[in-house]
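Novice: Provided below: work-v3.cif, containing mmCIF, C-alpha atoms.
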data_protein
loop_
_atom_site.group_PDB
_atom_site.id
_atom_site.type_symbol
_atom_site.label_atom_id
_atom_site.label_comp_id
_atom_site.auth_asym_id
_atom_site.auth_seq_id
_atom_site.Cartn_x
_atom_site.Cartn_y
_atom_site.Cartn_z
ATOM 1 C CA LEU A 24 23.322 32.671 -26.066
ATOM 2 C CA HIS A 25 24.171 29.050 -25.247
ATOM 3 C CA LEU A 26 23.726 25.918 -27.323
ATOM 4 C CA LEU A 27 24.714 22.359 -26.478
ATOM 5 C CA ALA A 28 24.502 20.091 -29.504
ATOM 6 C CA GLN A 29 25.128 16.394 -29.031
ATOM 7 C CA ALA A 30 24.802 13.070 -30.770
ATOM 8 C CA SER A 31 24.911 9.747 -28.960
ATOM 9 C CA HIS A 32 23.689 6.203 -29.269
ATOM 10 C CA THR A 33 23.416 3.445 -26.681
ATOM 11 C CA TRP A 34 23.932 -0.199 -27.544
ATOM 12 C CA ARG A 35 22.432 -2.595 -25.012
ATOM 13 C CA ASP A 36 22.819 -6.312 -24.696
ATOM 14 C CA ALA A 37 22.025 -8.739 -21.909
ATOM 15 C CA GLY A 38 24.208 -7.492 -19.088
ATOM 16 C CA ALA A 39 26.171 -4.821 -21.016
ATOM 17 C CA TRP A 40 25.810 -1.335 -22.505
ATOM 18 C CA PHE A 41 27.987 1.118 -24.413
ATOM 19 C CA THR A 42 27.341 4.800 -25.270
ATOM 20 C CA PRO A 43 29.626 6.905 -27.497
ATOM 21 C CA ARG A 44 28.765 10.625 -27.419
ATOM 22 C CA ALA A 45 29.978 13.666 -29.347
ATOM 23 C CA ALA A 46 28.999 17.124 -28.086
ATOM 24 C CA LEU A 47 29.648 20.734 -29.063
ATOM 25 C CA ASN A 48 29.286 23.429 -26.410
ATOM 26 C CA LEU A 49 28.665 26.830 -28.048
ATOM 27 C CA ALA A 50 28.341 30.161 -26.243
ATOM 28 C CA GLN A 51 28.101 33.750 -27.498
ATOM 29 C CA TYR A 52 28.378 36.747 -25.149
ATOM 30 C CA HIS A 53 27.489 40.395 -25.808
ATOM 31 C CA THR A 54 27.768 42.568 -22.703
ATOM 32 C CA ASP A 55 26.961 46.208 -21.928
ATOM 33 C CA SER A 56 30.105 46.504 -19.792
ATOM 34 C CA PRO A 57 33.482 45.482 -21.241
ATOM 35 C CA MET A 58 34.859 42.081 -20.253
ATOM 36 C CA SER A 59 38.199 41.718 -18.478
ATOM 37 C CA ASP A 60 40.102 41.961 -21.773
ATOM 38 C CA GLY A 61 38.168 45.031 -22.984
ATOM 39 C CA ARG A 62 35.902 43.232 -25.447
ATOM 40 C CA SER A 63 32.134 43.506 -25.295
ATOM 41 C CA SER A 64 31.507 40.350 -27.311
ATOM 42 C CA ALA A 65 33.150 36.933 -27.299
ATOM 43 C CA SER A 66 32.329 33.325 -28.029
ATOM 44 C CA HIS A 67 33.565 29.781 -27.579
ATOM 45 C CA ALA A 68 33.002 26.473 -29.341
ATOM 46 C CA ILE A 69 34.246 23.482 -27.347
ATOM 47 C CA PRO A 70 33.879 19.865 -28.559
ATOM 48 C CA THR A 71 33.722 16.833 -26.265
ATOM 49 C CA LEU A 72 34.015 13.152 -27.080
ATOM 50 C CA SER A 73 33.063 10.545 -24.491
ATOM 51 C CA LEU A 74 32.823 6.756 -24.389
ATOM 52 C CA ASP A 75 30.736 5.317 -21.554
ATOM 53 C CA GLY A 76 30.182 1.626 -20.923
ATOM 54 C CA GLY A 77 29.335 -0.885 -18.266
ATOM 55 C CA MET A 78 28.289 -4.413 -17.469
ATOM 56 C CA GLN A 79 25.916 -6.023 -14.994
ATOM 57 C CA PHE A 80 26.385 -9.473 -13.505
ATOM 58 C CA GLU A 81 23.767 -11.084 -11.267
ATOM 59 C CA ARG A 82 23.597 -14.112 -8.996
ATOM 60 C CA PRO A 83 21.036 -15.380 -6.477
ATOM 61 C CA VAL A 84 22.054 -15.328 -2.798
ATOM 62 C CA LEU A 85 20.371 -16.340 0.440
ATOM 63 C CA TRP A 86 20.657 -13.987 3.443
ATOM 64 C CA GLY A 87 19.129 -15.908 6.317
ATOM 65 C CA THR A 88 15.700 -16.766 4.925
ATOM 66 C CA ARG A 89 15.672 -13.796 2.559
ATOM 67 C CA ARG A 90 16.167 -14.519 -1.142
ATOM 68 C CA LEU A 91 18.217 -11.790 -2.786
ATOM 69 C CA THR A 92 19.875 -11.030 -6.089
ATOM 70 C CA GLN A 93 23.429 -9.720 -5.888
ATOM 71 C CA THR A 94 24.732 -7.574 -8.732
ATOM 72 C CA LEU A 95 28.237 -6.571 -9.759
ATOM 73 C CA GLU A 96 28.228 -3.495 -12.027
ATOM 74 C CA PRO A 97 31.568 -2.204 -13.366
ATOM 75 C CA ARG A 98 31.551 1.056 -15.371
ATOM 76 C CA VAL A 99 34.206 3.003 -17.324
ATOM 77 C CA LEU A 100 33.912 6.527 -18.766
ATOM 78 C CA TYR A 101 36.486 8.112 -21.096
ATOM 79 C CA VAL A 102 36.236 11.868 -21.778
ATOM 80 C CA ASN A 103 38.293 14.058 -24.128
ATOM 81 C CA THR A 104 37.630 17.818 -24.183
ATOM 82 C CA PRO A 105 40.389 20.057 -25.607
ATOM 83 C CA TYR A 106 41.637 23.130 -23.758
ATOM 84 C CA ARG A 107 40.082 26.448 -24.774
ATOM 85 C CA ALA A 108 41.054 29.662 -22.933
ATOM 86 C CA GLN A 109 38.019 31.058 -21.085
ATOM 87 C CA ASP A 110 39.593 33.443 -18.549
ATOM 88 C CA SER A 111 38.172 36.579 -20.128
ATOM 89 C CA LEU A 112 34.618 35.270 -20.526
ATOM 90 C CA PRO A 113 31.903 36.371 -18.066
ATOM 91 C CA LEU A 114 30.975 34.137 -15.150
ATOM 92 C CA PHE A 115 27.232 34.522 -14.679
ATOM 93 C CA ASP A 116 25.867 31.197 -13.439
ATOM 94 C CA THR A 117 28.706 28.671 -13.209
ATOM 95 C CA ALA A 118 29.939 26.839 -10.116
ATOM 96 C CA ALA A 119 32.063 23.807 -9.374
ATOM 97 C CA LYS A 120 30.245 20.502 -9.071
ATOM 98 C CA ASP A 121 30.479 18.653 -5.783
ATOM 99 C CA PHE A 122 32.552 15.471 -5.875
ATOM 100 C CA ASN A 123 29.977 12.677 -5.660
ATOM 101 C CA THR A 124 28.813 9.503 -7.396
ATOM 102 C CA ILE A 125 27.059 11.490 -10.129
ATOM 103 C CA SER A 126 29.697 14.149 -10.856
ATOM 104 C CA VAL A 127 32.597 11.676 -10.929
ATOM 105 C CA PHE A 128 30.977 10.222 -14.080
ATOM 106 C CA SER A 129 30.342 13.606 -15.748
ATOM 107 C CA ASP A 130 32.312 15.215 -18.576
ATOM 108 C CA ASN A 131 32.468 18.740 -17.103
ATOM 109 C CA ALA A 132 33.726 19.857 -13.680
ATOM 110 C CA PHE A 133 31.300 22.819 -13.787
ATOM 111 C CA ALA A 134 27.550 23.259 -13.457
ATOM 112 C CA GLY A 135 26.213 26.092 -15.608
ATOM 113 C CA VAL A 136 27.169 27.275 -19.075
ATOM 114 C CA ASP A 137 30.020 29.765 -18.648
ATOM 115 C CA ARG A 138 32.902 27.318 -18.180
ATOM 116 C CA VAL A 139 33.777 23.993 -19.793
ATOM 117 C CA SER A 140 36.641 22.085 -18.216
ATOM 118 C CA ASP A 141 39.261 20.580 -20.471
ATOM 119 C CA ALA A 142 39.579 16.852 -19.920
ATOM 120 C CA HIS A 143 41.519 13.821 -21.020
ATOM 121 C CA GLN A 144 40.504 11.346 -18.372
ATOM 122 C CA VAL A 145 39.197 7.901 -17.519
ATOM 123 C CA THR A 146 36.812 7.238 -14.644
ATOM 124 C CA ALA A 147 36.337 3.672 -13.452
ATOM 125 C CA GLY A 148 33.973 2.392 -10.833
ATOM 126 C CA VAL A 149 32.118 -0.639 -9.602
ATOM 127 C CA THR A 150 28.856 -1.040 -7.687
ATOM 128 C CA THR A 151 27.364 -4.078 -6.013
ATOM 129 C CA ARG A 152 23.742 -4.263 -4.911
ATOM 130 C CA LEU A 153 21.559 -6.706 -2.986
ATOM 131 C CA ILE A 154 17.987 -6.693 -4.304
ATOM 132 C CA ASP A 155 15.075 -8.426 -2.617
ATOM 133 C CA SER A 156 13.845 -11.022 -5.104
ATOM 134 C CA ALA A 157 10.301 -10.926 -3.687
ATOM 135 C CA ASN A 158 9.569 -7.198 -4.081
ATOM 136 C CA GLY A 159 12.507 -5.659 -5.980
ATOM 137 C CA ASN A 160 13.568 -3.416 -3.081
ATOM 138 C CA GLU A 161 17.258 -2.568 -2.820
ATOM 139 C CA ALA A 162 18.522 -3.877 0.522
ATOM 140 C CA LEU A 163 22.154 -2.819 0.162
ATOM 141 C CA ARG A 164 24.292 -0.862 -2.294
ATOM 142 C CA VAL A 165 28.052 -0.267 -2.115
ATOM 143 C CA GLY A 166 30.081 1.437 -4.816
ATOM 144 C CA LEU A 167 33.480 2.972 -5.390
ATOM 145 C CA ALA A 168 34.931 5.073 -8.190
ATOM 146 C CA GLN A 169 38.136 6.898 -9.079
ATOM 147 C CA ARG A 170 39.138 9.275 -11.874
ATOM 148 C CA HIS A 171 42.511 9.196 -13.639
ATOM 149 C CA LEU A 172 43.773 12.256 -15.553
ATOM 150 C CA LEU A 173 45.756 11.468 -18.691
ATOM 151 C CA ARG A 174 47.000 15.079 -18.863
ATOM 152 C CA ASP A 175 46.874 18.170 -16.629
ATOM 153 C CA GLN A 176 43.491 19.873 -16.399
ATOM 154 C CA ARG A 177 43.910 23.624 -16.967
ATOM 155 C CA ILE A 178 40.324 24.911 -16.604
ATOM 156 C CA THR A 179 39.519 24.288 -12.934
ATOM 157 C CA PRO A 180 37.097 25.857 -10.421
ATOM 158 C CA ASP A 181 39.904 27.505 -8.427
ATOM 159 C CA GLY A 182 41.934 28.521 -11.494
ATOM 160 C CA VAL A 183 44.923 26.362 -10.501
ATOM 161 C CA PRO A 184 45.819 23.611 -13.011
ATOM 162 C CA LEU A 185 45.085 20.142 -11.680
ATOM 163 C CA GLN A 186 48.190 17.958 -11.951
ATOM 164 C CA GLN A 187 47.220 15.163 -9.540
ATOM 165 C CA ARG A 188 46.795 12.138 -11.805
ATOM 166 C CA PHE A 189 44.453 10.140 -9.542
ATOM 167 C CA SER A 190 41.439 11.563 -7.732
ATOM 168 C CA ASP A 191 40.434 10.506 -4.251
ATOM 169 C CA VAL A 192 38.578 7.195 -4.172
ATOM 170 C CA LEU A 193 34.867 7.826 -3.810
ATOM 171 C CA VAL A 194 33.058 5.238 -1.672
ATOM 172 C CA ASP A 195 29.276 5.343 -1.506
ATOM 173 C CA GLY A 196 26.684 3.088 0.036
ATOM 174 C CA SER A 197 23.162 2.746 1.316
ATOM 175 C CA ALA A 198 21.202 0.092 3.180
ATOM 176 C CA SER A 199 17.596 -0.611 3.995
ATOM 177 C CA MET A 200 17.168 -3.223 6.735
ATOM 178 C CA LYS A 201 14.026 -4.640 8.311
ATOM 179 C CA ALA A 202 13.740 -6.053 11.829
ATOM 180 C CA THR A 203 12.856 -9.739 11.740
ATOM 181 C CA ASP A 204 11.395 -10.006 15.240
ATOM 182 C CA VAL A 205 8.508 -7.587 14.613
ATOM 183 C CA ASP A 206 6.067 -6.960 11.817
ATOM 184 C CA PRO A 207 8.297 -5.857 8.868
ATOM 185 C CA SER A 208 5.782 -3.154 7.963
ATOM 186 C CA LEU A 209 6.445 -1.421 11.311
ATOM 187 C CA VAL A 210 10.223 -1.059 11.111
ATOM 188 C CA ASP A 211 12.236 0.074 8.114
ATOM 189 C CA ALA A 212 15.610 1.675 8.802
ATOM 190 C CA GLY A 213 17.632 3.312 6.039
ATOM 191 C CA ILE A 214 21.288 4.314 6.096
ATOM 192 C CA ASP A 215 23.136 6.406 3.512
ATOM 193 C CA VAL A 216 26.903 6.796 3.703
ATOM 194 C CA ALA A 217 29.332 8.599 1.405
ATOM 195 C CA LEU A 218 33.070 8.647 2.091
ATOM 196 C CA VAL A 219 35.586 10.685 0.133
#
Starting from the file, give its structure as structure tokens.
Specialist:
Amino acid sequence: LHLLAQASHTWRDAGAWFTPRAALNLAQYHTDSPMSDGRSSASHAIPTLSLDGGMQFERPVLWGTRRLTQTLEPRVLYVNTPYRAQDSLPLFDTAAKDFNTISVFSDNAFAGVDRVSDAHQVTAGVTTRLIDSANGNEALRVGLAQRHLLRDQRITPDGVPLQQRFSDVLVDGSASMKATDVDPSLVDAGIDVALV
């Protein structure tokens, strides 16, 4: 049995947003075969507090004859999840999340319900985009993000405590460019790049 209860609220203003969130991850196990510590039933209740906020700045730019809007979008996420021992609990459907632009701003290193990573961390990132003012299409997007641990993380996918304070810098980008010497409807090239 798994239950994720949460309460959050987002405040939005022109060019800024802020979302505090409190969550409680509850799980109850009852197994036919004994768990690693001999029990056939166990449970956990793990709270998480997060503060997520960002801003968006815009300015008009001219790229050749193309009118674009350039954005600058900084974002900061703070997460605090206390350590709870989970070694003896079953592992039915949990796996480590890939390190990408979505998971770097998540509050749990795991996908699934059987593990909840402890965390006391801040993730900061910034994205800039070029948006075609005529049709709203995104011509270019470049972003980078990095996570900073404020204490060691003990619940990890490989079982080894994570003591490295700063994560790798995640750089992500995409572009959609049109040839100007032919009919724009005939040529549309897209490029997606992610560097870790």
Novice: Compile the contact shell of Ala68 in chain A as a PyMOL selection string: residues with an atom at most 8 Å away, counting all atoms listed in the file, same-chain residues fewer than 2 positions apart removed.
Specialist: chain A and resi 47-50+66+70
Novice: Go through A:Pro83, A:Pro105, A:Pro97, A:Pro184 one by one, measure the shortest atom-to-atom distance of each to Thr151 in chain A using only C-alpha atoms, and give the residue with the smallest value.
Specialist: A:Pro97
Novice: From (28.6, 6.5, -18.2), in the file's coordinates, out to 8 Å: which residues are reached, counting only C-alpha atoms? Answer as a list in words.
Specialist: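 Within the cut-off we find Thr42, Leu74, Asp75, Gly76, Gly77, Arg98, Val99, Leu100, Phe128 and Ser129 of chain A.
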Novice: Just give me the gap between CA of Arg152 in chain A and CA of Gln93 in chain A in Å, one decimal is fine.
Specialist: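 Pair CA of Arg152 in chain A / CA of Gln93 in chain A returns 5.6 Å.
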Novice: So that I can see what lies close to Gln186 in chain A, please list as a PyMOL selection string the residues with an atom at most 10 Å from it, counting only C-alpha atoms and leaving out residues fewer than 6 positions away in the same chain.
Specialist: chain A and resi 172-177
Novice: Hey, what comes out of the PyMOL selection byres ((chain A and resi 150) around 9) on this file? Could you write it as a PyMOL selection string?
Specialist: chain A and resi 94-98+148-149+151-152+164-168+195
Novice: May I ask for the distance between CA of Gly159 in chain A and CA of Asn123 in chain A, given in Å to one decimal place?
Specialist: 25.3 Å
Novice: Have range 91-104 of chain A completed to N, CA, C and O atoms, please, and pass it along as a JSON list (two decimals), in the frame of the given file.
Specialist:
[["chain", "number", "residue", "atom", "x", "y", "z"],
["A", 91, "LEU", "N", 17.75, -13.04, -2.20],
["A", 91, "LEU", "CA", 18.22, -11.79, -2.79],
["A", 91, "LEU", "C", 18.93, -12.06, -4.11],
["A", 91, "LEU", "O", 19.36, -13.18, -4.39],
["A", 92, "THR", "N", 19.04, -11.01, -4.89],
["A", 92, "THR", "CA", 19.88, -11.03, -6.09],
["A", 92, "THR", "C", 21.04, -10.08, -5.86],
["A", 92, "THR", "O", 20.82, -8.91, -5.52],
["A", 93, "GLN", "N", 22.26, -10.58, -6.02],
["A", 93, "GLN", "CA", 23.43, -9.72, -5.89],
["A", 93, "GLN", "C", 23.92, -9.34, -7.28],
["A", 93, "GLN", "O", 24.00, -10.18, -8.17],
["A", 94, "THR", "N", 24.20, -8.05, -7.45],
["A", 94, "THR", "CA", 24.73, -7.57, -8.73],
["A", 94, "THR", "C", 26.18, -7.13, -8.57],
["A", 94, "THR", "O", 26.62, -6.76, -7.48],
["A", 95, "LEU", "N", 26.90, -7.16, -9.66],
["A", 95, "LEU", "CA", 28.24, -6.57, -9.76],
["A", 95, "LEU", "C", 28.23, -5.75, -11.04],
["A", 95, "LEU", "O", 28.00, -6.28, -12.12],
["A", 96, "GLU", "N", 28.43, -4.42, -10.91],
["A", 96, "GLU", "CA", 28.23, -3.50, -12.03],
["A", 96, "GLU", "C", 29.45, -2.61, -12.25],
["A", 96, "GLU", "O", 29.53, -1.50, -11.73],
["A", 97, "PRO", "N", 30.43, -3.07, -13.02],
["A", 97, "PRO", "CA", 31.57, -2.20, -13.37],
["A", 97, "PRO", "C", 31.18, -1.18, -14.44],
["A", 97, "PRO", "O", 30.31, -1.44, -15.28],
["A", 98, "ARG", "N", 31.82, -0.01, -14.39],
["A", 98, "ARG", "CA", 31.55, 1.06, -15.37],
["A", 98, "ARG", "C", 32.84, 1.82, -15.65],
["A", 98, "ARG", "O", 33.63, 2.06, -14.74],
["A", 99, "VAL", "N", 33.04, 2.20, -16.92],
["A", 99, "VAL", "CA", 34.21, 3.00, -17.32],
["A", 99, "VAL", "C", 33.73, 4.14, -18.22],
["A", 99, "VAL", "O", 32.92, 3.92, -19.13],
["A", 100, "LEU", "N", 34.23, 5.35, -17.96],
["A", 100, "LEU", "CA", 33.91, 6.53, -18.77],
["A", 100, "LEU", "C", 35.21, 7.19, -19.22],
["A", 100, "LEU", "O", 36.07, 7.52, -18.39],
["A", 101, "TYR", "N", 35.35, 7.37, -20.53],
["A", 101, "TYR", "CA", 36.49, 8.11, -21.10],
["A", 101, "TYR", "C", 35.96, 9.44, -21.64],
["A", 101, "TYR", "O", 34.94, 9.47, -22.34],
["A", 102, "VAL", "N", 36.64, 10.53, -21.32],
["A", 102, "VAL", "CA", 36.24, 11.87, -21.78],
["A", 102, "VAL", "C", 37.44, 12.59, -22.36],
["A", 102, "VAL", "O", 38.53, 12.58, -21.77],
["A", 103, "ASN", "N", 37.24, 13.24, -23.52],
["A", 103, "ASN", "CA", 38.29, 14.06, -24.13],
["A", 103, "ASN", "C", 37.68, 15.38, -24.56],
["A", 103, "ASN", "O", 36.85, 15.43, -25.46],
["A", 104, "THR", "N", 38.05, 16.46, -23.86],
["A", 104, "THR", "CA", 37.63, 17.82, -24.18],
["A", 104, "THR", "C", 38.89, 18.67, -24.30],
["A", 104, "THR", "O", 39.65, 18.77, -23.34]]
